[in-house]
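Down below is the structure, laid out as structure tokens.
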Amino acid sequence: MANTFYVRTGDKKQYVEAKFLTDIHGNFVVSSNQIQRSYNLFDAGHNSIGTNTNGYGIVPANFDIKTTIEFGH
């Protein structure tokens, strides 16, 4: 998937493909949970590529906001 990265599970043993949460218009959603700003991000080889300094919400790579909204209606 394009524009994805990996995050490490809490036990630091597995990596999960993820992406930043966007709203229906494609705008990034900033989390009110300040700890997310320190989450480490990794590439496909599990090499660190930085942290989530903007505090964007992180969701699984296959998450689709449009499907979620349609389900809720």
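Numbering starts fresh at 1 for the residues of each chain in the structure tokens, the chains themselves are lettered A, B, ... in the order given, and ligands are numbered from 1 as they appear.
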- Could you give me the residues within chain A that DSSP places in strand (DSSP E or B), as JSON, numbers by chain? {"A": [5, 6, 7, 8, 15, 16, 17, 18, 19, 20, 22, 28, 30, 40, 41, 42, 48, 49, 50, 51, 56, 58, 59, 60]}
- Excluding range 8-24 of chain A and residues on its chain fewer than 6 positions from it, collect all residues at most 9 Å away from it, counting only C-alpha atoms, and give them as a count of residues only. 19
- Within 7 Å of Arg37 in chain A, counting only C-alpha atoms, which residues qualify if same-chain residues fewer than 4 places away don't, as a PyMOL selection string? chain A and resi 51-55
- Message: Taking only C-alpha atoms into account, name the residue in A:Thr68, A:His73, A:Gly50, A:Asn27 that is nearest to Phe5 in chain A.
- Response: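 Using only C-alpha atoms, the shortest distance to Phe5 in chain A belongs to A:Gly50.
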- Task: Go through chain A and collect every residue that DSSP, computed from the backbone, puts in helix (DSSP H, G or I); the answer should be as a count of residues only.
- Result: 13
- Distance of CA of Asn3 in chain A from CA of Ile49 in chain A, expressed in Å to one decimal place: 13.1 Å
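Between CA of Ser31 in chain A and CA of Gly45 in chain A the interatomic distance comes to 26.5 Å.
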- Message: When you count only C-alpha atoms, which of these residues is closest to Thr4 in chain A: A:Val29, A:Asp64, A:Ile35, A:Asp43?
- Response: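 That would be A:Asp43, the residue with the smallest distance to Thr4 in chain A.
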